[in-house]
Amino acid sequence: MEVERGESSSRKRKWEGPPVVAATTHEQQAKEQSPLTLATLKAVKEQVEKRGNRISHGVIVKYFDNSDAPYDWLLPGWVVEERYVPSGRKGLGRIYKYYCDPTGHMYYSKRVILFGWKKMNIICLDT
C-alpha cells in the first residue's frame with residue numbers, strides 16, 4: 001500500500017492495475033474458477049445484460065471468489081466484483097466492491113452479507 005504525504009493510510013489505497021501477463025476479462029479468468037463460481041459469473045453477466053452495459057470508459061472490472069486471499073471468508077459460489085474508477089489527478093481513483101450471491105443478487109458491503117448469514121443461521125468463523 002502506498003500512501004502519499006499528508007494522506008491517511010486508512011482511506012487512500014493505491015489500486016494495483018491489471019497485470020500485464022495475466023488475463024483480466026472474466027471469460028479468461030473463468031478457466032481457473034470453480035463450477036459454482038462459473039455459475040455465479042454467468043448469473044452476474046445476465047444481470048448486466050438485463051440492465052444494459054452502463055460501465056463508463058476507463059473503468060477496470062475484476063472478479064474474485066473465495067479462493068483469493070482477501071475474500072477467503074466468502075461462501076463457495078459467491079463472487080466479488082471490484083470496479084476501479086479513475087478520477088482526479090495523479091491517476092488516483094476509487095474502488096467499488098460488489099458482492100454477488102449465486103443467484104446474481106448484489107450486495108454492497110461485507111457487513112450486510114454477514115448480517116444476512118447470521119439471520120439464516122450460517123456461521124462464519126473467520127471475519
# chains A, B, ... in the order shown; residues from 1 in each chain; ligands from 1
call {"tool": "select_by_dssp", "arguments": {"residues": "region 47-118 of chain A", "states": "strand (DSSP E)", "output": "list in words"}}
result
Ile60, Val61, Lys62, Tyr63, Phe64, Val79, Val80, Glu81, Glu82, Arg83, Tyr84, Val85, Pro86, Gly93, Arg94, Ile95, Tyr96, Lys97, Tyr98, Tyr99, Cys100, Met106 and Tyr107 of chain A
call {"tool": "residues_around", "arguments": {"residues": "region 109-124 of chain A", "least_positions_apart": "3", "cutoff": "9 Å", "atoms": "only C-alpha atoms", "output": "list in words"}}
result
Trp73, Leu74, Leu75, Lys97, Tyr98, Tyr99 and Thr127 of chain A
call {"tool": "residues_around", "arguments": {"residues": "region 79-92 of chain A", "least_positions_apart": "2", "cutoff": "9 Å", "atoms": "only C-alpha atoms", "output": "PDB file with N, CA and C atoms, in the first residue's frame"}}
result
ATOM      1  N   LYS A  12      -6.840   6.093   1.751  1.00  0.00           N
ATOM      2  CA  LYS A  12      -6.205   6.128   0.446  1.00  0.00           C
ATOM      3  C   LYS A  12      -5.421   4.845   0.221  1.00  0.00           C
ATOM      4  N   ARG A  13      -5.816   4.098  -0.783  1.00  0.00           N
ATOM      5  CA  ARG A  13      -5.098   2.888  -1.151  1.00  0.00           C
ATOM      6  C   ARG A  13      -4.884   2.921  -2.643  1.00  0.00           C
ATOM      7  N   LYS A  14      -3.672   2.750  -3.057  1.00  0.00           N
ATOM      8  CA  LYS A  14      -3.391   2.757  -4.484  1.00  0.00           C
ATOM      9  C   LYS A  14      -3.731   1.383  -5.032  1.00  0.00           C
ATOM     10  N   TRP A  15      -4.606   1.367  -6.015  1.00  0.00           N
ATOM     11  CA  TRP A  15      -5.078   0.115  -6.589  1.00  0.00           C
ATOM     12  C   TRP A  15      -4.089  -0.377  -7.606  1.00  0.00           C
ATOM     13  N   GLY A  17      -3.129  -1.944 -10.841  1.00  0.00           N
ATOM     14  CA  GLY A  17      -3.786  -2.119 -12.138  1.00  0.00           C
ATOM     15  C   GLY A  17      -3.741  -3.564 -12.581  1.00  0.00           C
ATOM     16  N   THR A  37     -18.457 -20.863  -8.979  1.00  0.00           N
ATOM     17  CA  THR A  37     -18.079 -19.503  -9.352  1.00  0.00           C
ATOM     18  C   THR A  37     -18.467 -19.226 -10.798  1.00  0.00           C
ATOM     19  N   THR A  40     -22.101 -18.438 -10.925  1.00  0.00           N
ATOM     20  CA  THR A  40     -22.377 -17.096 -10.408  1.00  0.00           C
ATOM     21  C   THR A  40     -21.978 -16.034 -11.422  1.00  0.00           C
ATOM     22  N   LEU A  41     -20.821 -16.212 -12.064  1.00  0.00           N
ATOM     23  CA  LEU A  41     -20.390 -15.255 -13.082  1.00  0.00           C
ATOM     24  C   LEU A  41     -21.378 -15.201 -14.245  1.00  0.00           C
ATOM     25  N   SER A  56     -18.644   2.980 -17.549  1.00  0.00           N
ATOM     26  CA  SER A  56     -18.025   4.110 -18.229  1.00  0.00           C
ATOM     27  C   SER A  56     -16.673   3.741 -18.819  1.00  0.00           C
ATOM     28  N   GLY A  58     -12.825   3.677 -19.298  1.00  0.00           N
ATOM     29  CA  GLY A  58     -11.701   3.748 -18.377  1.00  0.00           C
ATOM     30  C   GLY A  58     -11.889   2.949 -17.103  1.00  0.00           C
ATOM     31  N   VAL A  59     -13.061   2.391 -16.877  1.00  0.00           N
ATOM     32  CA  VAL A  59     -13.328   1.609 -15.676  1.00  0.00           C
ATOM     33  C   VAL A  59     -12.784   0.201 -15.882  1.00  0.00           C
ATOM     34  N   ILE A  60     -12.057  -0.302 -14.893  1.00  0.00           N
ATOM     35  CA  ILE A  60     -11.492  -1.645 -14.941  1.00  0.00           C
ATOM     36  C   ILE A  60     -12.269  -2.522 -13.977  1.00  0.00           C
ATOM     37  N   VAL A  61     -12.746  -3.677 -14.452  1.00  0.00           N
ATOM     38  CA  VAL A  61     -13.545  -4.581 -13.636  1.00  0.00           C
ATOM     39  C   VAL A  61     -12.772  -5.881 -13.447  1.00  0.00           C
ATOM     40  N   LYS A  62     -12.693  -6.345 -12.186  1.00  0.00           N
ATOM     41  CA  LYS A  62     -12.058  -7.624 -11.854  1.00  0.00           C
ATOM     42  C   LYS A  62     -13.029  -8.438 -11.009  1.00  0.00           C
ATOM     43  N   TYR A  63     -12.939  -9.766 -11.145  1.00  0.00           N
ATOM     44  CA  TYR A  63     -13.787 -10.670 -10.378  1.00  0.00           C
ATOM     45  C   TYR A  63     -12.912 -11.549  -9.486  1.00  0.00           C
ATOM     46  N   PHE A  64     -13.379 -11.765  -8.242  1.00  0.00           N
ATOM     47  CA  PHE A  64     -12.674 -12.594  -7.281  1.00  0.00           C
ATOM     48  C   PHE A  64     -13.674 -13.540  -6.614  1.00  0.00           C
ATOM     49  N   ASP A  65     -13.178 -14.668  -6.109  1.00  0.00           N
ATOM     50  CA  ASP A  65     -14.031 -15.580  -5.351  1.00  0.00           C
ATOM     51  C   ASP A  65     -13.324 -15.956  -4.053  1.00  0.00           C
ATOM     52  N   ASN A  66     -13.816 -16.989  -3.363  1.00  0.00           N
ATOM     53  CA  ASN A  66     -13.263 -17.330  -2.053  1.00  0.00           C
ATOM     54  C   ASN A  66     -11.874 -17.967  -2.136  1.00  0.00           C
ATOM     55  N   TYR A  71     -10.676 -12.410   0.129  1.00  0.00           N
ATOM     56  CA  TYR A  71     -12.081 -12.798   0.132  1.00  0.00           C
ATOM     57  C   TYR A  71     -12.274 -14.263   0.520  1.00  0.00           C
ATOM     58  N   LEU A  74     -15.692 -15.617   2.083  1.00  0.00           N
ATOM     59  CA  LEU A  74     -16.926 -15.830   1.314  1.00  0.00           C
ATOM     60  C   LEU A  74     -17.285 -17.312   1.227  1.00  0.00           C
ATOM     61  N   LEU A  75     -18.563 -17.571   1.086  1.00  0.00           N
ATOM     62  CA  LEU A  75     -19.025 -18.938   0.863  1.00  0.00           C
ATOM     63  C   LEU A  75     -18.739 -19.342  -0.582  1.00  0.00           C
ATOM     64  N   PRO A  76     -18.623 -20.646  -0.851  1.00  0.00           N
ATOM     65  CA  PRO A  76     -18.413 -21.088  -2.234  1.00  0.00           C
ATOM     66  C   PRO A  76     -19.556 -20.623  -3.129  1.00  0.00           C
ATOM     67  N   GLY A  77     -19.200 -20.138  -4.309  1.00  0.00           N
ATOM     68  CA  GLY A  77     -20.198 -19.665  -5.255  1.00  0.00           C
ATOM     69  C   GLY A  77     -20.414 -18.165  -5.216  1.00  0.00           C
ATOM     70  N   ARG A  94     -11.063   5.386  -7.325  1.00  0.00           N
ATOM     71  CA  ARG A  94     -11.814   4.755  -6.256  1.00  0.00           C
ATOM     72  C   ARG A  94     -12.143   3.332  -6.650  1.00  0.00           C
ATOM     73  N   ILE A  95     -12.167   2.437  -5.665  1.00  0.00           N
ATOM     74  CA  ILE A  95     -12.525   1.048  -5.887  1.00  0.00           C
ATOM     75  C   ILE A  95     -13.910   0.816  -5.301  1.00  0.00           C
ATOM     76  N   TYR A  96     -14.809   0.341  -6.132  1.00  0.00           N
ATOM     77  CA  TYR A  96     -16.151  -0.029  -5.687  1.00  0.00           C
ATOM     78  C   TYR A  96     -16.218  -1.550  -5.666  1.00  0.00           C
ATOM     79  N   LYS A  97     -16.735  -2.104  -4.569  1.00  0.00           N
ATOM     80  CA  LYS A  97     -16.848  -3.554  -4.432  1.00  0.00           C
ATOM     81  C   LYS A  97     -18.309  -3.945  -4.393  1.00  0.00           C
ATOM     82  N   TYR A  98     -18.640  -4.967  -5.170  1.00  0.00           N
ATOM     83  CA  TYR A  98     -19.994  -5.507  -5.204  1.00  0.00           C
ATOM     84  C   TYR A  98     -19.891  -7.004  -4.957  1.00  0.00           C
ATOM     85  N   TYR A  99     -20.605  -7.488  -3.973  1.00  0.00           N
ATOM     86  CA  TYR A  99     -20.596  -8.902  -3.621  1.00  0.00           C
ATOM     87  C   TYR A  99     -21.826  -9.542  -4.245  1.00  0.00           C
ATOM     88  N   CYS A 100     -21.631 -10.632  -5.000  1.00  0.00           N
ATOM     89  CA  CYS A 100     -22.730 -11.280  -5.722  1.00  0.00           C
ATOM     90  C   CYS A 100     -22.940 -12.693  -5.191  1.00  0.00           C
ATOM     91  N   ASP A 101     -24.187 -13.020  -4.848  1.00  0.00           N
ATOM     92  CA  ASP A 101     -24.505 -14.375  -4.415  1.00  0.00           C
ATOM     93  C   ASP A 101     -24.715 -15.254  -5.651  1.00  0.00           C
ATOM     94  N   PRO A 102     -24.889 -16.570  -5.468  1.00  0.00           N
ATOM     95  CA  PRO A 102     -25.035 -17.471  -6.620  1.00  0.00           C
ATOM     96  C   PRO A 102     -26.233 -17.172  -7.518  1.00  0.00           C
TER      97      PRO A 102
END
